[in-house]
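Below: entry-v7.cif (mmCIF, C-alpha atoms)
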```cif
data_structure
loop_
_atom_site.group_PDB
_atom_site.id
_atom_site.type_symbol
_atom_site.label_atom_id
_atom_site.label_comp_id
_atom_site.auth_asym_id
_atom_site.auth_seq_id
_atom_site.Cartn_x
_atom_site.Cartn_y
_atom_site.Cartn_z
ATOM 1 C CA MET I 1 116.053 100.653 91.525
ATOM 2 C CA LYS I 2 112.394 100.668 92.544
ATOM 3 C CA PRO I 3 111.169 97.764 94.684
ATOM 4 C CA VAL I 4 108.875 95.203 93.062
ATOM 5 C CA ILE I 5 105.600 95.016 94.986
ATOM 6 C CA ALA I 6 103.168 92.135 94.480
ATOM 7 C CA ILE I 7 99.558 93.321 94.167
ATOM 8 C CA SER I 8 96.735 90.866 94.772
ATOM 9 C CA LEU I 9 93.544 92.433 93.377
ATOM 10 C CA GLY I 10 91.070 90.669 95.648
ATOM 11 C CA ASP I 11 87.519 89.746 94.659
ATOM 12 C CA PHE I 12 86.791 90.873 91.100
ATOM 13 C CA ASN I 13 83.134 91.458 91.945
ATOM 14 C CA GLY I 14 84.220 94.186 94.361
ATOM 15 C CA ILE I 15 86.239 97.395 94.218
ATOM 16 C CA GLY I 16 89.745 95.889 94.017
ATOM 17 C CA PRO I 17 90.257 96.204 90.247
ATOM 18 C CA GLU I 18 88.959 99.782 90.253
ATOM 19 C CA ILE I 19 91.403 100.805 92.980
ATOM 20 C CA ALA I 20 94.338 99.097 91.273
ATOM 21 C CA LEU I 21 93.628 100.754 87.927
ATOM 22 C CA LYS I 22 93.007 104.180 89.460
ATOM 23 C CA CYS I 23 96.230 104.162 91.460
ATOM 24 C CA HIS I 24 98.703 102.601 89.045
ATOM 25 C CA ASP I 25 100.167 105.869 87.764
ATOM 26 C CA ILE I 26 100.619 107.069 91.350
ATOM 27 C CA ILE I 27 102.282 104.032 92.899
ATOM 28 C CA LYS I 28 104.565 103.353 89.936
ATOM 29 C CA GLN I 29 106.442 106.512 90.877
ATOM 30 C CA SER I 30 107.854 104.759 93.972
ATOM 31 C CA CYS I 31 107.671 101.035 93.126
ATOM 32 C CA THR I 32 107.240 98.519 90.317
ATOM 33 C CA PRO I 33 103.831 96.937 90.887
ATOM 34 C CA LEU I 34 103.281 93.368 89.691
ATOM 35 C CA TYR I 35 99.576 92.530 89.426
ATOM 36 C CA PHE I 36 98.441 88.946 89.968
ATOM 37 C CA THR I 37 95.562 88.403 87.555
ATOM 38 C CA ASN I 38 95.292 87.866 83.788
ATOM 39 C CA TYR I 39 94.662 90.163 80.836
ATOM 40 C CA GLU I 40 91.203 88.784 80.091
ATOM 41 C CA MET I 41 89.922 89.485 83.603
ATOM 42 C CA ILE I 42 91.460 92.936 83.976
ATOM 43 C CA GLN I 43 90.138 93.856 80.511
ATOM 44 C CA LYS I 44 86.627 92.842 81.590
ATOM 45 C CA ALA I 45 86.956 94.975 84.711
ATOM 46 C CA ALA I 46 88.332 97.944 82.770
ATOM 47 C CA ARG I 47 85.470 97.800 80.258
ATOM 48 C CA LEU I 48 82.873 97.775 83.040
ATOM 49 C CA LEU I 49 84.608 100.735 84.658
ATOM 50 C CA ASN I 50 85.132 102.526 81.348
ATOM 51 C CA MET I 51 88.806 102.807 82.253
ATOM 52 C CA HIS I 52 92.016 102.385 80.306
ATOM 53 C CA ILE I 53 94.610 99.724 81.201
ATOM 54 C CA PRO I 54 98.013 101.456 81.328
ATOM 55 C CA ASN I 55 100.640 100.128 78.929
ATOM 56 C CA ASP I 56 103.008 99.428 81.827
ATOM 57 C CA PHE I 57 100.419 97.530 83.888
ATOM 58 C CA GLU I 58 102.593 94.439 84.411
ATOM 59 C CA ILE I 59 100.673 91.206 84.993
ATOM 60 C CA GLU I 60 101.670 87.839 86.422
ATOM 61 C CA TYR I 61 99.267 85.282 84.983
ATOM 62 C CA VAL I 62 96.679 83.649 87.228
ATOM 63 C CA LYS I 63 94.311 81.081 85.751
ATOM 64 C CA GLY I 64 90.652 82.067 85.667
ATOM 65 C CA ASP I 65 87.942 83.319 83.317
ATOM 66 C CA PHE I 66 84.415 84.085 84.497
ATOM 67 C CA PRO I 67 81.790 86.815 84.089
ATOM 68 C CA ILE I 68 82.179 89.704 86.531
ATOM 69 C CA LYS I 69 78.999 90.224 88.535
ATOM 70 C CA PRO I 70 79.378 93.486 90.449
ATOM 71 C CA GLY I 71 78.321 93.195 94.061
ATOM 72 C CA LYS I 72 77.592 89.452 93.920
ATOM 73 C CA VAL I 73 79.119 86.670 95.980
ATOM 74 C CA SER I 74 80.620 84.181 93.557
ATOM 75 C CA LYS I 75 82.377 80.844 93.982
ATOM 76 C CA LYS I 76 84.407 81.451 90.813
ATOM 77 C CA SER I 77 85.486 84.878 91.969
ATOM 78 C CA GLY I 78 86.443 83.384 95.339
ATOM 79 C CA VAL I 79 88.619 80.732 93.692
ATOM 80 C CA PHE I 80 90.284 83.320 91.458
ATOM 81 C CA SER I 81 91.049 85.721 94.307
ATOM 82 C CA PHE I 82 92.572 82.890 96.344
ATOM 83 C CA ARG I 83 94.746 81.665 93.478
ATOM 84 C CA ALA I 84 96.021 85.189 92.874
ATOM 85 C CA PHE I 85 96.773 85.771 96.538
ATOM 86 C CA GLN I 86 98.454 82.382 96.950
ATOM 87 C CA LYS I 87 100.743 82.988 93.961
ATOM 88 C CA ALA I 88 101.561 86.507 95.164
ATOM 89 C CA VAL I 89 102.559 85.111 98.561
ATOM 90 C CA GLU I 90 104.955 82.654 96.928
ATOM 91 C CA PHE I 91 106.493 85.311 94.690
ATOM 92 C CA THR I 92 107.092 87.469 97.746
ATOM 93 C CA ASN I 93 108.434 84.629 99.834
ATOM 94 C CA SER I 94 110.867 83.631 97.079
ATOM 95 C CA GLY I 95 112.196 87.172 96.767
ATOM 96 C CA ILE I 96 110.860 87.891 93.278
ATOM 97 C CA CYS I 97 108.722 90.565 94.918
ATOM 98 C CA GLU I 98 109.886 92.490 97.962
ATOM 99 C CA ALA I 99 106.501 92.993 99.619
ATOM 100 C CA LEU I 100 102.856 92.080 99.121
ATOM 101 C CA VAL I 101 99.878 94.439 99.127
ATOM 102 C CA THR I 102 96.425 92.887 99.054
ATOM 103 C CA LEU I 103 93.068 94.266 98.013
ATOM 104 C CA PRO I 104 89.931 92.871 99.695
ATOM 105 C CA ILE I 105 88.666 89.337 99.224
ATOM 106 C CA HIS I 106 85.176 88.216 100.205
ATOM 107 C CA LYS I 107 85.155 85.616 102.967
ATOM 108 C CA GLU I 108 81.799 84.156 101.940
ATOM 109 C CA ALA I 109 83.090 83.686 98.379
ATOM 110 C CA TRP I 110 86.070 81.760 99.776
ATOM 111 C CA MET I 111 83.686 79.666 101.836
ATOM 112 C CA LYS I 112 81.530 78.926 98.769
ATOM 113 C CA ALA I 113 84.700 77.843 96.969
ATOM 114 C CA ASN I 114 85.553 75.474 99.845
ATOM 115 C CA ILE I 115 88.751 77.374 100.614
ATOM 116 C CA PRO I 116 89.590 76.348 104.190
ATOM 117 C CA TYR I 117 90.822 79.743 105.393
ATOM 118 C CA LYS I 118 88.951 82.648 106.946
ATOM 119 C CA GLY I 119 91.020 85.244 105.142
ATOM 120 C CA HIS I 120 94.476 86.413 104.143
ATOM 121 C CA THR I 121 95.985 86.321 107.627
ATOM 122 C CA ASP I 122 94.589 82.897 108.433
ATOM 123 C CA TYR I 123 96.152 81.482 105.258
ATOM 124 C CA MET I 124 99.553 83.019 105.946
ATOM 125 C CA ARG I 125 99.501 81.841 109.529
ATOM 126 C CA LYS I 126 99.109 78.259 108.344
ATOM 127 C CA ARG I 127 101.367 78.630 105.296
ATOM 128 C CA PHE I 128 104.307 79.895 107.332
ATOM 129 C CA LYS I 129 103.446 78.123 110.608
ATOM 130 C CA LYS I 130 103.805 81.441 112.394
ATOM 131 C CA GLU I 131 101.500 83.296 114.758
ATOM 132 C CA ALA I 132 100.762 86.206 112.449
ATOM 133 C CA ILE I 133 99.583 89.374 114.155
ATOM 134 C CA MET I 134 96.946 91.660 112.664
ATOM 135 C CA MET I 135 97.765 95.330 113.222
ATOM 136 C CA LEU I 136 95.471 97.940 111.733
ATOM 137 C CA GLY I 137 95.499 101.716 111.698
ATOM 138 C CA CYS I 138 97.652 104.619 110.593
ATOM 139 C CA PRO I 139 100.606 106.532 112.043
ATOM 140 C CA LYS I 140 98.224 108.395 114.359
ATOM 141 C CA LEU I 141 97.103 105.113 115.948
ATOM 142 C CA PHE I 142 97.671 101.413 115.312
ATOM 143 C CA VAL I 143 95.588 98.678 116.940
ATOM 144 C CA ALA I 144 96.774 95.074 117.240
ATOM 145 C CA LEU I 145 94.196 92.303 117.703
ATOM 146 C CA PHE I 146 94.900 89.515 120.180
ATOM 147 C CA THR I 147 91.989 87.496 118.781
ATOM 148 C CA GLU I 148 90.525 88.067 115.321
ATOM 149 C CA HIS I 149 87.851 86.199 113.378
ATOM 150 C CA ILE I 150 86.340 84.052 116.087
ATOM 151 C CA PRO I 151 82.894 84.157 117.730
ATOM 152 C CA LEU I 152 82.730 86.570 120.644
ATOM 153 C CA LYS I 153 81.736 83.800 123.046
ATOM 154 C CA LYS I 154 85.085 82.087 122.458
ATOM 155 C CA VAL I 155 87.233 85.120 123.313
ATOM 156 C CA PRO I 156 87.358 84.700 127.133
ATOM 157 C CA SER I 157 88.741 81.156 126.912
ATOM 158 C CA CYS I 158 91.535 82.412 124.625
ATOM 159 C CA ILE I 159 92.868 84.796 127.241
ATOM 160 C CA GLU I 160 95.683 82.765 128.770
ATOM 161 C CA LYS I 161 98.777 84.189 130.427
ATOM 162 C CA LYS I 162 101.368 82.352 128.341
ATOM 163 C CA ARG I 163 99.615 82.936 125.024
ATOM 164 C CA LEU I 164 98.917 86.631 125.612
ATOM 165 C CA ALA I 165 102.417 87.284 126.964
ATOM 166 C CA GLN I 166 103.979 85.731 123.849
ATOM 167 C CA PHE I 167 101.666 87.781 121.647
ATOM 168 C CA LEU I 168 102.821 90.967 123.385
ATOM 169 C CA ILE I 169 106.489 89.994 123.104
ATOM 170 C CA ASP I 170 106.143 89.223 119.391
ATOM 171 C CA PHE I 171 104.215 92.433 118.843
ATOM 172 C CA TYR I 172 106.894 94.515 120.562
ATOM 173 C CA ARG I 173 109.673 92.969 118.504
ATOM 174 C CA GLU I 174 107.809 93.437 115.225
ATOM 175 C CA ALA I 175 106.110 96.825 115.676
ATOM 176 C CA ALA I 176 108.928 98.407 117.734
ATOM 177 C CA PRO I 177 106.687 101.014 119.405
ATOM 178 C CA ASN I 178 108.501 104.027 120.836
ATOM 179 C CA LYS I 179 105.710 104.982 123.217
ATOM 180 C CA PRO I 180 103.921 102.933 125.900
ATOM 181 C CA VAL I 181 101.359 100.468 124.560
ATOM 182 C CA ALA I 182 97.895 100.273 126.135
ATOM 183 C CA VAL I 183 96.549 96.745 126.588
ATOM 184 C CA LEU I 184 92.768 96.728 126.876
ATOM 185 C CA GLY I 185 90.786 94.767 129.420
ATOM 186 C CA LEU I 186 88.108 92.378 128.238
ATOM 187 C CA ASN I 187 85.180 93.393 130.406
ATOM 188 C CA PRO I 188 83.328 96.681 130.962
ATOM 189 C CA HIS I 189 85.362 98.931 133.272
ATOM 190 C CA ALA I 190 88.198 96.398 132.902
ATOM 191 C CA GLY I 191 86.332 94.121 135.279
ATOM 192 C CA ASP I 192 85.884 96.642 138.106
ATOM 193 C CA GLY I 193 88.177 94.699 140.400
ATOM 194 C CA GLY I 194 86.471 91.403 139.612
ATOM 195 C CA ALA I 195 82.891 92.588 139.952
ATOM 196 C CA LEU I 196 82.331 92.335 136.193
ATOM 197 C CA GLY I 197 84.712 89.503 135.348
ATOM 198 C CA ASP I 198 88.168 88.307 136.291
ATOM 199 C CA GLU I 199 89.942 87.943 132.915
ATOM 200 C CA GLU I 200 91.787 91.163 133.722
ATOM 201 C CA LYS I 201 93.817 89.316 136.345
ATOM 202 C CA VAL I 202 95.215 87.090 133.607
ATOM 203 C CA ILE I 203 95.794 90.075 131.319
ATOM 204 C CA LYS I 204 97.774 91.850 134.060
ATOM 205 C CA LYS I 205 99.973 88.810 134.639
ATOM 206 C CA ALA I 206 100.623 88.544 130.895
ATOM 207 C CA ILE I 207 101.567 92.226 130.732
ATOM 208 C CA ASP I 208 104.019 91.798 133.607
ATOM 209 C CA LYS I 209 105.550 88.726 131.998
ATOM 210 C CA ALA I 210 105.951 90.461 128.632
ATOM 211 C CA ASN I 211 107.533 93.564 130.159
ATOM 212 C CA LYS I 212 109.986 91.395 132.040
ATOM 213 C CA ALA I 213 110.872 89.486 128.865
ATOM 214 C CA VAL I 214 111.567 92.610 126.813
ATOM 215 C CA LYS I 215 113.257 94.292 129.800
ATOM 216 C CA LYS I 216 111.172 97.395 129.421
ATOM 217 C CA GLU I 217 107.937 98.706 130.937
ATOM 218 C CA ILE I 218 106.419 99.152 127.505
ATOM 219 C CA PHE I 219 102.964 97.599 128.080
ATOM 220 C CA PHE I 220 100.458 98.906 130.606
ATOM 221 C CA GLY I 221 96.934 97.955 131.611
ATOM 222 C CA PRO I 222 94.465 96.367 131.575
ATOM 223 C CA VAL I 223 92.976 99.638 130.374
ATOM 224 C CA VAL I 224 89.254 100.371 130.552
ATOM 225 C CA PRO I 225 88.179 99.839 126.917
ATOM 226 C CA ASP I 226 85.678 102.696 126.678
ATOM 227 C CA VAL I 227 88.315 105.194 127.801
ATOM 228 C CA ALA I 228 91.214 104.042 125.612
ATOM 229 C CA PHE I 229 90.108 105.754 122.408
ATOM 230 C CA THR I 230 89.171 109.116 123.893
ATOM 231 C CA PRO I 231 91.247 112.075 122.649
ATOM 232 C CA ASN I 232 92.888 112.820 125.982
ATOM 233 C CA PHE I 233 93.916 109.207 126.628
ATOM 234 C CA ARG I 234 95.338 108.457 123.204
ATOM 235 C CA LYS I 235 97.229 111.729 122.770
ATOM 236 C CA ASN I 236 100.346 110.058 124.179
ATOM 237 C CA LEU I 237 99.847 106.703 122.414
ATOM 238 C CA THR I 238 100.629 105.266 118.994
ATOM 239 C CA HIS I 239 99.643 101.630 119.655
ATOM 240 C CA ILE I 240 96.825 99.787 121.445
ATOM 241 C CA VAL I 241 96.328 96.033 121.899
ATOM 242 C CA ALA I 242 92.673 94.941 121.830
ATOM 243 C CA MET I 243 91.396 91.609 123.113
ATOM 244 C CA TYR I 244 88.986 91.041 120.236
ATOM 245 C CA HIS I 245 88.084 92.247 116.759
ATOM 246 C CA ASP I 246 85.290 94.774 117.270
ATOM 247 C CA GLN I 247 86.704 96.090 120.549
ATOM 248 C CA GLY I 248 89.623 97.493 118.601
ATOM 249 C CA LEU I 249 88.300 98.055 115.106
ATOM 250 C CA ALA I 250 84.935 99.712 115.772
ATOM 251 C CA PRO I 251 86.507 102.785 117.412
ATOM 252 C CA LEU I 252 89.552 102.745 115.107
ATOM 253 C CA LYS I 253 87.392 102.861 111.992
ATOM 254 C CA ALA I 254 85.192 105.570 113.497
ATOM 255 C CA LEU I 255 88.343 107.660 113.863
ATOM 256 C CA TYR I 256 90.477 106.796 110.826
ATOM 257 C CA PHE I 257 88.487 104.625 108.419
ATOM 258 C CA ASP I 258 89.622 106.082 105.098
ATOM 259 C CA GLU I 259 93.329 106.227 105.928
ATOM 260 C CA SER I 260 93.821 103.033 107.950
ATOM 261 C CA ILE I 261 95.652 99.980 106.641
ATOM 262 C CA ASN I 262 96.171 96.376 107.739
ATOM 263 C CA VAL I 263 99.698 95.119 108.429
ATOM 264 C CA SER I 264 100.607 91.458 109.002
ATOM 265 C CA LEU I 265 103.336 91.197 111.625
ATOM 266 C CA ASN I 266 105.459 88.240 112.754
ATOM 267 C CA LEU I 267 105.759 86.703 109.271
ATOM 268 C CA PRO I 268 108.776 86.080 107.019
ATOM 269 C CA ILE I 269 107.272 88.381 104.368
ATOM 270 C CA LEU I 270 106.059 91.974 104.501
ATOM 271 C CA ARG I 271 102.352 92.174 103.754
ATOM 272 C CA THR I 272 100.046 95.153 103.969
ATOM 273 C CA SER I 273 96.434 95.568 102.941
ATOM 274 C CA VAL I 274 93.579 98.001 102.785
ATOM 275 C CA ASP I 275 91.493 98.255 105.940
ATOM 276 C CA HIS I 276 88.137 97.843 104.227
ATOM 277 C CA GLY I 277 86.125 95.189 102.473
ATOM 278 C CA THR I 278 84.954 94.551 98.946
ATOM 279 C CA ALA I 279 82.325 97.345 99.116
ATOM 280 C CA PHE I 280 79.911 95.417 96.915
ATOM 281 C CA ASP I 281 77.380 98.259 97.206
ATOM 282 C CA ILE I 282 79.610 100.571 95.136
ATOM 283 C CA ALA I 283 81.401 98.003 92.968
ATOM 284 C CA TYR I 284 82.015 99.260 89.398
ATOM 285 C CA LYS I 285 80.447 102.643 90.138
ATOM 286 C CA ASN I 286 83.768 104.521 90.145
ATOM 287 C CA GLN I 287 83.196 105.612 93.733
ATOM 288 C CA ALA I 288 85.950 103.702 95.565
ATOM 289 C CA ASN I 289 88.174 105.656 97.952
ATOM 290 C CA THR I 290 91.831 104.869 97.241
ATOM 291 C CA GLN I 291 93.519 106.376 100.313
ATOM 292 C CA SER I 292 93.827 103.146 102.309
ATOM 293 C CA TYR I 293 95.417 101.379 99.330
ATOM 294 C CA LEU I 294 97.889 104.181 98.696
ATOM 295 C CA ASN I 295 98.817 104.192 102.377
ATOM 296 C CA ALA I 296 99.261 100.405 102.362
ATOM 297 C CA VAL I 297 101.628 100.599 99.402
ATOM 298 C CA GLN I 298 103.596 103.443 100.961
ATOM 299 C CA TYR I 299 103.884 101.616 104.289
ATOM 300 C CA ALA I 300 105.246 98.537 102.519
ATOM 301 C CA ILE I 301 107.826 100.556 100.599
ATOM 302 C CA SER I 302 108.944 102.494 103.678
ATOM 303 C CA HIS I 303 109.429 99.303 105.728
ATOM 304 C CA LEU I 304 111.617 97.409 103.269
#
```

What is this structure when it is put down as C-alpha cells?
Amino acid sequence: MKPVIAISLGDFNGIGPEIALKCHDIIKQSCTPLYFTNYEMIQKAARLLNMHIPNDFEIEYVKGDFPIKPGKVSKKSGVFSFRAFQKAVEFTNSGICEALVTLPIHKEAWMKANIPYKGHTDYMRKRFKKEAIMMLGCPKLFVALFTEHIPLKKVPSCIEKKRLAQFLIDFYREAAPNKPVAVLGLNPHAGDGGALGDEEKVIKKAIDKANKAVKKEIFFGPVVPDVAFTPNFRKNLTHIVAMYHDQGLAPLKALYFDESINVSLNLPILRTSVDHGTAFDIAYKNQANTQSYLNAVQYAISHL
C-alpha cells in the first residue's frame, strides 16, 4: 500500500500550486498525495495556469476564498497558507498521513497576517517543543544550520558550548552520517588562532563534547568556511554544519540549487520541503522547476 503524504501547497500567489499540479501524475506512482487546500482555490489556480486538475487529486478541505494575485504579498494568502500547513502538520502527527511535504510560504505574508512564526520550522519547533534542525541539500551534500532566521549580529552570542554540543548530538542521531562531518568556524580563517575572533575556541570545545557523547570522532573542525565547499575538501564529505544561514546556504545553492531540499530533523514527524521560495517573479507563468519538490517527496518516502 502506498504511503499517504500530506502536501501543503504554500502561498497561492507563488509557484506552489503550479508545482503540485505539474507533479501529481509523477508522485502518485509512489505515494498517495493528500493536498491541503479547497476545490475553489485550486480551481482558480488551475484556470490561471491553463492546467487540468486530475480526477484523483485528493483534497483535504482548508477554509479560505480570495482572489489569487500572482507575485503579490497578501495577508489573505498568508492566512490560507498557514491554515493549510497547520492542518497538514496535525494530520501527519496523528498518523493519518505518514509524512509532510511543504511548498513555499511567504514570510512577509505571514507577518502581514499577524502569524507569530518566522516560517515552517519555527512553527514546528514551538508546536512540538523540540529543537528542530534545518538540514538542506541533496545526497551529494547536506548542510545543517546551527542558527537560522536571526540577524547576523546575534549569531556570535548564540555560540555556546552546551547548546552547540547538544545540536551536534541531536544532528548525529537524526541524520546518521556515515562520513566525518565538518563543523565550520564563525570567523574568516576560522579565527586565525584568535586574531580574527575567539568563537572558534567554543566551537572546538562543543565538537569535543559531542564526539565524546556519541563515542565517535564524527565531527571535526572548526573548519575554515571559505575552504569547506571547495571540490577537493568536500569530496570526502556528505554533511557540513554551518554556524549561520548564509554561511551554509549561499555556497550550497550555488552548487545544487535546483536539486536541493529542506529536511526538518529532531521532530516527531517527518517533514521535507523544497529548498526555494515562492518565486513571485515567475508565478503563474508555467516556468517553475519541479526537481526540488520531486526530490523532497522521494526523500520523505524513502525515509519512512

Practice task
For Asp65 (chain I), work out the shell of residues within 12 Å, counting only C-alpha atoms and skipping chain neighbours fewer than 4 positions away, then give it as a list of chain:residue names.
Solution key: I:Phe12, I:Thr37, I:Asn38, I:Tyr39, I:Glu40, I:Met41, I:Ile42, I:Gln43, I:Lys44, I:Ala45, I:Tyr61, I:Lys76, I:Ser77, I:Val79, I:Phe80, I:Ser81

Once the PyMOL selection byres ((chain I and resi 261) around 7) is applied to the coordinates I shared, what remains selected? I want it as a PDB file with C-alpha atoms, keeping the file's coordinate frame.
```
ATOM      1  CA  LEU I 136      95.471  97.940 111.733  1.00  0.00           C
ATOM      2  CA  GLY I 137      95.499 101.716 111.698  1.00  0.00           C
ATOM      3  CA  CYS I 138      97.652 104.619 110.593  1.00  0.00           C
ATOM      4  CA  GLU I 259      93.329 106.227 105.928  1.00  0.00           C
ATOM      5  CA  SER I 260      93.821 103.033 107.950  1.00  0.00           C
ATOM      6  CA  ASN I 262      96.171  96.376 107.739  1.00  0.00           C
ATOM      7  CA  VAL I 263      99.698  95.119 108.429  1.00  0.00           C
ATOM      8  CA  SER I 273      96.434  95.568 102.941  1.00  0.00           C
ATOM      9  CA  VAL I 274      93.579  98.001 102.785  1.00  0.00           C
ATOM     10  CA  ASP I 275      91.493  98.255 105.940  1.00  0.00           C
ATOM     11  CA  SER I 292      93.827 103.146 102.309  1.00  0.00           C
ATOM     12  CA  ASN I 295      98.817 104.192 102.377  1.00  0.00           C
ATOM     13  CA  ALA I 296      99.261 100.405 102.362  1.00  0.00           C
TER      14      ALA I 296
END
```

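If you look at CA of Pro17 (chain I) and CA of His120 (chain I), they are 17.5 Å away from each other.
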
Exercise for the section: With the file shown as input, list the residues that the PyMOL selection byres ((chain I and resi 156) around 10) selects, as an NGL selection string. Expected result: :I and (147 or 152-155 or 157-160 or 186-187 or 197-199 or 243-244)

Written selection (C-alpha atoms) as a PDB file, keeping the file's coordinate frame:
```pdb
ATOM      1  CA  THR I 147      91.989  87.496 118.781  1.00  0.00           C
ATOM      2  CA  LEU I 152      82.730  86.570 120.644  1.00  0.00           C
ATOM      3  CA  LYS I 153      81.736  83.800 123.046  1.00  0.00           C
ATOM      4  CA  LYS I 154      85.085  82.087 122.458  1.00  0.00           C
ATOM      5  CA  VAL I 155      87.233  85.120 123.313  1.00  0.00           C
ATOM      6  CA  SER I 157      88.741  81.156 126.912  1.00  0.00           C
ATOM      7  CA  CYS I 158      91.535  82.412 124.625  1.00  0.00           C
ATOM      8  CA  ILE I 159      92.868  84.796 127.241  1.00  0.00           C
ATOM      9  CA  GLU I 160      95.683  82.765 128.770  1.00  0.00           C
ATOM     10  CA  LEU I 186      88.108  92.378 128.238  1.00  0.00           C
ATOM     11  CA  ASN I 187      85.180  93.393 130.406  1.00  0.00           C
ATOM     12  CA  GLY I 197      84.712  89.503 135.348  1.00  0.00           C
ATOM     13  CA  ASP I 198      88.168  88.307 136.291  1.00  0.00           C
ATOM     14  CA  GLU I 199      89.942  87.943 132.915  1.00  0.00           C
ATOM     15  CA  MET I 243      91.396  91.609 123.113  1.00  0.00           C
ATOM     16  CA  TYR I 244      88.986  91.041 120.236  1.00  0.00           C
TER      17      TYR I 244
END
```

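Considering the residues I:Gly10, I:Gly64, I:Pro70, I:Pro151 and counting only C-alpha atoms, Tyr284 (chain I) has its shortest atom-to-atom contact with I:Pro70.
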
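Applied to the file shown here, the PyMOL selection byres ((chain I and resi 210) around 10) selects Lys161, Lys162, Leu164, Ala165, Gln166, Phe167, Leu168, Ile169, Asp170, Tyr172, Lys204, Lys205, Ala206, Ile207, Asp208, Lys209, Asn211, Lys212, Ala213, Val214, Lys215, Lys216, Glu217, Ile218 and Phe219 of chain I.
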
Give me a file of those residues, with C-alpha atoms, as a PDB file, in the coordinates of the input.
```
ATOM      1  CA  LYS I 161      98.777  84.189 130.427  1.00  0.00           C
ATOM      2  CA  LYS I 162     101.368  82.352 128.341  1.00  0.00           C
ATOM      3  CA  LEU I 164      98.917  86.631 125.612  1.00  0.00           C
ATOM      4  CA  ALA I 165     102.417  87.284 126.964  1.00  0.00           C
ATOM      5  CA  GLN I 166     103.979  85.731 123.849  1.00  0.00           C
ATOM      6  CA  PHE I 167     101.666  87.781 121.647  1.00  0.00           C
ATOM      7  CA  LEU I 168     102.821  90.967 123.385  1.00  0.00           C
ATOM      8  CA  ILE I 169     106.489  89.994 123.104  1.00  0.00           C
ATOM      9  CA  ASP I 170     106.143  89.223 119.391  1.00  0.00           C
ATOM     10  CA  TYR I 172     106.894  94.515 120.562  1.00  0.00           C
ATOM     11  CA  LYS I 204      97.774  91.850 134.060  1.00  0.00           C
ATOM     12  CA  LYS I 205      99.973  88.810 134.639  1.00  0.00           C
ATOM     13  CA  ALA I 206     100.623  88.544 130.895  1.00  0.00           C
ATOM     14  CA  ILE I 207     101.567  92.226 130.732  1.00  0.00           C
ATOM     15  CA  ASP I 208     104.019  91.798 133.607  1.00  0.00           C
ATOM     16  CA  LYS I 209     105.550  88.726 131.998  1.00  0.00           C
ATOM     17  CA  ASN I 211     107.533  93.564 130.159  1.00  0.00           C
ATOM     18  CA  LYS I 212     109.986  91.395 132.040  1.00  0.00           C
ATOM     19  CA  ALA I 213     110.872  89.486 128.865  1.00  0.00           C
ATOM     20  CA  VAL I 214     111.567  92.610 126.813  1.00  0.00           C
ATOM     21  CA  LYS I 215     113.257  94.292 129.800  1.00  0.00           C
ATOM     22  CA  LYS I 216     111.172  97.395 129.421  1.00  0.00           C
ATOM     23  CA  GLU I 217     107.937  98.706 130.937  1.00  0.00           C
ATOM     24  CA  ILE I 218     106.419  99.152 127.505  1.00  0.00           C
ATOM     25  CA  PHE I 219     102.964  97.599 128.080  1.00  0.00           C
TER      26      PHE I 219
END
```

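Each of I:Asn13, I:Thr92, I:Asn286, I:Asn266 was compared to Gly78 (chain I) using all atoms listed in the file, and I:Asn13 turns out to be the nearest.
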
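For Pro251 (chain I), the non-local neighbours within 10 Å, defined as residues at least 5 positions apart in the same chain or in other chains and counting all atoms listed in the file, are Val143, Asp226, Ala228, Phe229, Thr230, Asp246, Tyr256 and Phe257 of chain I.
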
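Minimum atom-to-atom distance to Gln247 (chain I), evaluated using only C-alpha atoms, belongs to I:Gly185 out of I:Gly14, I:Lys130, I:Gly185, I:Leu270.
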
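The neighbours of Leu237 (chain I) here are the residues that come within 7 Å of it, using all atoms listed in the file and leaving out any residue fewer than 3 positions away in the same chain; they are Lys179, Pro180, Val181 and Arg234 of chain I.
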
Output file for the residues above (C-alpha atoms, as an mmCIF file, in the coordinates of the input):
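The result, stored in result_19.cif:
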```
data_model
loop_
_atom_site.group_PDB
_atom_site.id
_atom_site.type_symbol
_atom_site.label_atom_id
_atom_site.label_comp_id
_atom_site.auth_asym_id
_atom_site.auth_seq_id
_atom_site.Cartn_x
_atom_site.Cartn_y
_atom_site.Cartn_z
ATOM 1 C CA LYS I 179 105.710 104.982 123.217
ATOM 2 C CA PRO I 180 103.921 102.933 125.900
ATOM 3 C CA VAL I 181 101.359 100.468 124.560
ATOM 4 C CA ARG I 234 95.338 108.457 123.204
#
```

Handout entry: Distance of CA of Phe36 (chain I) from CA of Lys22 (chain I), expressed in Å to one decimal place
Key = 16.2 Å

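Distance check against Thr102 (chain I) using only C-alpha atoms: of I:His276, I:His149, I:Arg173, I:Lys285, the minimum falls on I:His276.
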
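For the choices I:Ile269, I:Asp258, I:Lys140, I:Val224, the atom-to-atom distance to Gln291 (chain I) is smallest for I:Asp258 when using all atoms listed in the file.
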
Once you add 6 Å to each side, what are the centre and edge lengths of the axis-aligned box holding all listed atoms of region 232-248 of chain I? One decimal in Å, as JSON, if you can.
```
{"center_x": 93.0, "center_y": 101.9, "center_z": 121.7, "size_x": 27.3, "size_y": 33.8, "size_z": 21.9}
```

Practice task
Counting only C-alpha atoms, write as a list in words all protein and nucleic acid residues lying at most 12 Å from (91.6, 78.0, 109.1) in the file's frame.
Solution key: Lys107, Trp110, Met111, Asn114, Ile115, Pro116, Tyr117, Lys118, Gly119, His120, Thr121, Asp122, Tyr123, Met124, Arg125, Lys126, Arg127, Lys129, Glu148, His149 and Ile150 of chain I

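The closest residue to Leu184 (chain I), picked from I:Leu196, I:Val73, I:Ile301, I:Leu145 and counting all atoms listed in the file, is I:Leu145.
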
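The interatomic distance for the pair CA of Asn289 (chain I) and CA of Pro104 (chain I) works out to 13.0 Å.
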
Exercise for the section: Could you please give me, as a ChimeraX atom specification, the residues of protein, DNA or RNA lying at most 12 Å from (97.6, 99.4, 89.6) in the coordinate frame of the file, considering all atoms listed in the file? Expected result: /I:5-9,16-29,31-37,42,46,51-59,101-103,290,293-294,297
